[in-house]
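Contents: one structure, followed by commentary.
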Amino acid sequence: MAEDFRGIAEPVTREPLIVGEPTDISIHGEEKTPISLWEKIRQVPYLVDHYQIGDIADKMKLKEKSRFISDFVVEEMKRLNYTDTKESFIEILSGLEGNLPQNLKPQEKIRVIEQLIRIIQKERILKEKKEWLLTEQG
């Protein structure tokens, strides 16, 4: 409480302090949100923002599919010791999707996401088989 000129205490009102996570990490005005924290901070997987499908992601249940792909790409970034940046994410994603143009229609983006899921699932199955073979031979 603060006292006024008459010596009477009045309550001091302050804005509540909100403790939470930062929404962005900026360097010279350029946003640098780490990809591994993207969904936690922005509430959508990075792939949704990358493909610019936020408007249809909920309707088409694309968040789950996008999360699956984003998680895989982040795992690959860690495995390959890449930096936690958009550039690294896009580099690995490009290897999965080939050289697709960014100006795809929403229906085409959905098709690409579904193809990526199939590729990732096959990749994981092959990896598991390889690990199983190595343990059997060892």
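Each chain in the structure tokens gets a letter, A, B, ..., in the order shown, and its residues are numbered from 1; ligands are numbered from 1 in order too.
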
If we count only C-alpha atoms and set the cut-off at 9 Å, which residues sit around range 107-122 of chain A, ignoring sequence neighbours fewer than 3 positions away in its own chain? Please answer as a VMD selection string.
chain A and resid 51 53 60 62 65 to 66 68 to 69 72 93 96 to 97 100 104 125 to 127

Output file for the residues above (N, CA and C atoms, as a tab-separated table (two decimals), in the first residue's frame):
chain	number	residue	atom	x	y	z
A	51	TYR	N	3.61	-25.38	-44.27
A	51	TYR	CA	2.73	-25.58	-45.43
A	51	TYR	C	1.59	-24.56	-45.47
A	53	ILE	N	-1.21	-24.34	-43.67
A	53	ILE	CA	-2.51	-25.03	-43.73
A	53	ILE	C	-3.27	-24.90	-42.42
A	60	MET	N	-9.51	-31.09	-41.28
A	60	MET	CA	-9.05	-32.29	-41.97
A	60	MET	C	-8.22	-33.22	-41.07
A	62	LEU	N	-5.40	-32.66	-39.73
A	62	LEU	CA	-4.02	-32.61	-40.20
A	62	LEU	C	-3.02	-32.33	-39.10
A	65	LYS	N	-1.38	-35.64	-38.14
A	65	LYS	CA	-0.48	-36.08	-39.20
A	65	LYS	C	0.75	-35.18	-39.26
A	66	SER	N	0.54	-33.89	-39.13
A	66	SER	CA	1.66	-32.94	-39.16
A	66	SER	C	2.57	-33.14	-37.95
A	68	PHE	N	3.10	-35.96	-36.40
A	68	PHE	CA	3.85	-37.19	-36.66
A	68	PHE	C	5.09	-36.89	-37.50
A	69	ILE	N	4.90	-36.13	-38.57
A	69	ILE	CA	6.01	-35.78	-39.47
A	69	ILE	C	6.99	-34.85	-38.76
A	72	PHE	N	9.15	-36.72	-36.35
A	72	PHE	CA	10.16	-37.51	-37.05
A	72	PHE	C	11.32	-36.62	-37.51
A	93	LEU	N	13.20	-32.16	-44.33
A	93	LEU	CA	11.90	-32.32	-44.95
A	93	LEU	C	12.04	-32.39	-46.47
A	96	LEU	N	12.74	-35.68	-47.76
A	96	LEU	CA	11.58	-36.58	-47.74
A	96	LEU	C	10.60	-36.28	-48.87
A	97	GLU	N	10.40	-35.01	-49.13
A	97	GLU	CA	9.34	-34.64	-50.07
A	97	GLU	C	9.82	-34.38	-51.49
A	100	LEU	N	9.25	-30.09	-54.03
A	100	LEU	CA	7.88	-29.63	-54.24
A	100	LEU	C	7.79	-28.12	-54.13
A	104	LEU	N	1.53	-24.96	-53.23
A	104	LEU	CA	0.57	-26.03	-53.49
A	104	LEU	C	-0.80	-25.67	-52.95
A	125	ILE	N	10.12	-48.80	-40.22
A	125	ILE	CA	10.07	-50.28	-40.32
A	125	ILE	C	11.42	-50.81	-40.78
A	126	LEU	N	12.00	-50.17	-41.80
A	126	LEU	CA	13.32	-50.60	-42.28
A	126	LEU	C	14.38	-50.44	-41.19
A	127	LYS	N	14.32	-49.36	-40.43
A	127	LYS	CA	15.27	-49.13	-39.35
A	127	LYS	C	15.13	-50.21	-38.28

Report the distance between CA of Ile35 in chain A and CA of Gly95 in chain A in Å, rounded to one decimal place.
17.3 Å

To one decimal place, how far is CA of Thr135 in chain A from CA of Ile92 in chain A in Å?
27.9 Å

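Using only C-alpha atoms for every distance, the candidate list A:Ala57, A:Ile90, A:Lys63, A:Trp38 yields A:Ile90 as the residue closest to Glu76 in chain A.
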
Please extract the residues of range 58-112 of chain A with a backbone DSSP assignment of alpha helix (DSSP H) and present them as a PyMOL selection string.
chain A and resi 62-79+86-97+106-112
